[in-house]
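my_file-v7.cif (mmCIF, N, CA and C atoms) appears below.
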data_coords
#
loop_
_atom_site.label_atom_id
_atom_site.label_comp_id
_atom_site.auth_asym_id
_atom_site.auth_seq_id
_atom_site.Cartn_x
_atom_site.Cartn_y
_atom_site.Cartn_z
N MET A 269 329.47 36.90 162.68
CA MET A 269 329.49 36.19 161.43
C MET A 269 330.76 35.34 161.35
N ALA A 270 330.60 34.12 160.88
CA ALA A 270 331.72 33.20 160.80
C ALA A 270 332.67 33.60 159.67
N LYS A 271 333.94 33.36 159.93
CA LYS A 271 334.95 33.66 158.94
C LYS A 271 334.94 32.59 157.85
N LYS A 272 334.93 32.99 156.59
CA LYS A 272 334.94 32.03 155.49
C LYS A 272 336.31 31.37 155.37
N LYS A 273 336.28 30.08 155.13
CA LYS A 273 337.52 29.33 154.96
C LYS A 273 337.93 29.43 153.49
N LYS A 274 339.19 29.74 153.25
CA LYS A 274 339.70 29.80 151.87
C LYS A 274 339.87 28.40 151.31
N LYS A 275 339.57 28.25 150.07
CA LYS A 275 339.77 26.97 149.41
C LYS A 275 341.22 26.88 148.95
N ASP A 276 341.82 25.75 149.22
CA ASP A 276 343.23 25.59 148.87
C ASP A 276 343.41 25.13 147.43
N LEU A 277 344.64 25.03 147.01
CA LEU A 277 344.99 24.66 145.65
C LEU A 277 344.48 23.26 145.30
N TRP A 278 344.58 22.31 146.24
CA TRP A 278 344.15 20.95 145.95
C TRP A 278 342.66 20.91 145.64
N TRP A 279 341.85 21.72 146.33
CA TRP A 279 340.42 21.78 146.07
C TRP A 279 340.16 22.19 144.62
N TYR A 280 340.88 23.19 144.14
CA TYR A 280 340.71 23.65 142.77
C TYR A 280 341.15 22.60 141.75
N ILE A 281 342.24 21.92 142.04
CA ILE A 281 342.74 20.89 141.13
C ILE A 281 341.74 19.74 141.02
N LYS A 282 341.22 19.27 142.17
CA LYS A 282 340.25 18.17 142.16
C LYS A 282 339.03 18.53 141.33
N ASN A 283 338.50 19.71 141.53
CA ASN A 283 337.27 20.10 140.85
C ASN A 283 337.51 20.47 139.39
N GLU A 284 338.69 20.92 139.07
CA GLU A 284 339.00 21.24 137.68
C GLU A 284 338.98 19.98 136.82
N TYR A 285 339.48 18.87 137.36
CA TYR A 285 339.54 17.63 136.61
C TYR A 285 338.35 16.71 136.87
N GLY A 286 337.40 17.15 137.68
CA GLY A 286 336.18 16.39 137.92
C GLY A 286 336.37 15.12 138.73
N LEU A 287 337.29 15.11 139.67
CA LEU A 287 337.54 13.90 140.46
C LEU A 287 336.34 13.48 141.31
N PRO A 288 335.63 14.41 141.95
CA PRO A 288 334.47 13.97 142.74
C PRO A 288 333.41 13.28 141.87
N ALA A 289 333.17 13.79 140.68
CA ALA A 289 332.19 13.16 139.79
C ALA A 289 332.68 11.79 139.32
N MET A 290 333.97 11.66 139.06
CA MET A 290 334.52 10.36 138.64
C MET A 290 334.38 9.34 139.75
N LYS A 291 334.64 9.75 141.00
CA LYS A 291 334.50 8.84 142.13
C LYS A 291 333.05 8.40 142.31
N ARG A 292 332.13 9.34 142.17
CA ARG A 292 330.71 9.02 142.29
C ARG A 292 330.27 8.03 141.23
N LYS A 293 330.69 8.27 139.99
CA LYS A 293 330.32 7.40 138.87
C LYS A 293 330.89 5.99 139.08
N PHE A 294 332.15 5.90 139.47
CA PHE A 294 332.80 4.62 139.74
C PHE A 294 332.05 3.85 140.83
N SER A 295 331.71 4.56 141.90
CA SER A 295 331.03 3.94 143.02
C SER A 295 329.66 3.43 142.63
N LYS A 296 328.93 4.19 141.84
CA LYS A 296 327.60 3.76 141.40
C LYS A 296 327.66 2.54 140.49
N GLU A 297 328.61 2.52 139.57
CA GLU A 297 328.69 1.44 138.60
C GLU A 297 329.21 0.14 139.21
N THR A 298 330.15 0.22 140.14
CA THR A 298 330.76 -0.99 140.68
C THR A 298 330.18 -1.43 142.02
N GLY A 299 329.58 -0.50 142.75
CA GLY A 299 329.06 -0.82 144.08
C GLY A 299 330.14 -0.79 145.14
N ILE A 300 331.33 -0.36 144.79
CA ILE A 300 332.44 -0.26 145.73
C ILE A 300 332.47 1.17 146.27
N PRO A 301 332.39 1.35 147.59
CA PRO A 301 332.41 2.70 148.13
C PRO A 301 333.79 3.34 147.99
N THR A 302 333.81 4.66 147.83
CA THR A 302 335.09 5.35 147.68
C THR A 302 335.42 6.22 148.89
N THR A 303 334.54 6.28 149.88
CA THR A 303 334.84 7.06 151.08
C THR A 303 335.59 6.17 152.06
N GLN A 304 336.31 6.79 152.99
CA GLN A 304 337.06 6.02 153.96
C GLN A 304 336.12 5.20 154.84
N ALA A 305 335.04 5.80 155.29
CA ALA A 305 334.09 5.08 156.14
C ALA A 305 333.45 3.92 155.39
N GLY A 306 333.11 4.13 154.13
CA GLY A 306 332.51 3.08 153.33
C GLY A 306 333.45 1.91 153.11
N LEU A 307 334.70 2.21 152.84
CA LEU A 307 335.69 1.14 152.65
C LEU A 307 335.90 0.36 153.94
N GLU A 308 335.98 1.07 155.08
CA GLU A 308 336.17 0.39 156.36
C GLU A 308 334.97 -0.50 156.68
N ARG A 309 333.77 -0.03 156.39
CA ARG A 309 332.56 -0.81 156.63
C ARG A 309 332.55 -2.07 155.76
N THR A 310 332.90 -1.93 154.48
CA THR A 310 332.91 -3.06 153.56
C THR A 310 333.97 -4.08 153.94
N ILE A 311 335.16 -3.62 154.26
CA ILE A 311 336.25 -4.53 154.64
C ILE A 311 335.92 -5.21 155.96
N GLY A 312 335.37 -4.46 156.91
CA GLY A 312 334.98 -5.04 158.20
C GLY A 312 333.93 -6.12 158.05
N LYS A 313 332.97 -5.90 157.17
CA LYS A 313 331.91 -6.89 156.92
C LYS A 313 332.52 -8.15 156.33
N ALA A 314 333.44 -7.99 155.37
CA ALA A 314 334.08 -9.15 154.73
C ALA A 314 334.90 -9.95 155.74
N VAL A 315 335.61 -9.26 156.62
CA VAL A 315 336.42 -9.95 157.63
C VAL A 315 335.53 -10.70 158.61
N MET A 316 334.44 -10.08 159.05
CA MET A 316 333.54 -10.73 159.98
C MET A 316 332.88 -11.98 159.35
N GLU A 317 332.51 -11.88 158.08
CA GLU A 317 331.94 -13.04 157.39
C GLU A 317 332.97 -14.15 157.27
N TRP A 318 334.22 -13.78 157.01
CA TRP A 318 335.28 -14.77 156.88
C TRP A 318 335.54 -15.46 158.23
N LEU A 319 335.55 -14.68 159.31
CA LEU A 319 335.83 -15.24 160.63
C LEU A 319 334.70 -16.14 161.13
N PHE A 320 333.47 -15.74 160.89
CA PHE A 320 332.33 -16.44 161.48
C PHE A 320 331.56 -17.30 160.48
N GLY A 321 332.16 -17.63 159.37
CA GLY A 321 331.57 -18.60 158.48
C GLY A 321 330.57 -18.09 157.47
N GLY A 322 330.66 -16.89 157.08
CA GLY A 322 329.80 -16.40 156.01
C GLY A 322 328.43 -15.96 156.47
N LYS A 323 327.56 -15.83 155.49
CA LYS A 323 326.21 -15.32 155.75
C LYS A 323 325.34 -16.39 156.38
N LYS A 324 324.47 -15.95 157.26
CA LYS A 324 323.53 -16.85 157.91
C LYS A 324 322.30 -17.02 157.02
N LYS A 325 321.69 -18.19 157.07
CA LYS A 325 320.46 -18.43 156.32
C LYS A 325 319.29 -17.84 157.09
N LYS A 326 318.30 -17.35 156.35
CA LYS A 326 317.09 -16.86 156.98
C LYS A 326 316.23 -18.04 157.40
N LYS A 327 315.29 -17.81 158.32
CA LYS A 327 314.42 -18.88 158.82
C LYS A 327 313.63 -19.52 157.68
N ASP A 328 313.20 -18.73 156.71
CA ASP A 328 312.40 -19.27 155.61
C ASP A 328 313.21 -20.23 154.72
N GLU A 329 314.50 -20.05 154.64
CA GLU A 329 315.33 -20.86 153.76
C GLU A 329 315.79 -22.16 154.40
N GLU A 330 315.64 -22.30 155.73
CA GLU A 330 316.14 -23.49 156.43
C GLU A 330 315.34 -24.74 156.09
N SER A 331 314.06 -24.63 155.88
CA SER A 331 313.23 -25.83 155.65
C SER A 331 313.27 -26.33 154.25
#
Mind converting the file's structure to structure tokens?
Amino acid sequence: MAKKKKKDLWWYIKNEYGLPAMKRKFSKETGIPTTQAGLERTIGKAVMEWLFGGKKKKKDEES
């Protein structure tokens, strides 16, 4: 049987003040991700669009 990991003080503080729920609500309302991976993905997309001239038009929109 696996040994249970003890929850540290920071875990209790975060959940006492509802920080995970606040982050979720903020993310849903604004569309801005609050996870590290989400932020990196969003920033990377913005940089690539800036470097290569923005969004490409779809074939249907060209004519």
**Item:** In chain A, DSSP alpha helix (DSSP H) residues written as an MDAnalysis selection string
**Value:** chainID A and resid 277:284 287:298 304:319 327:330
**Complete:** Students should find that CA of Thr302 in chain A and atom C of Met290 in chain A are spaced 8.9 Å
**Item:** Pairwise distance for CA of Lys273 in chain A and CA of Pro301 in chain A, rounded to one decimal in Å
**Value:** 28.0 Å
**Request:** One decimal, Å: what's the distance from CA of Leu277 in chain A over to CA of Lys296 in chain A, could you say?
**Result:**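 That distance, rounded to one decimal, is 27.5 Å.
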Assuming 4 Å of padding per side, give the centre and edge lengths of the axis-aligned box around every listed atom of range 293-308 of chain A, in Å to one decimal and as AutoDock Vina command-line options.
--center_x 332.3 --center_y 3.4 --center_z 147.6 --size_x 17.5 --size_y 17.7 --size_z 26.1
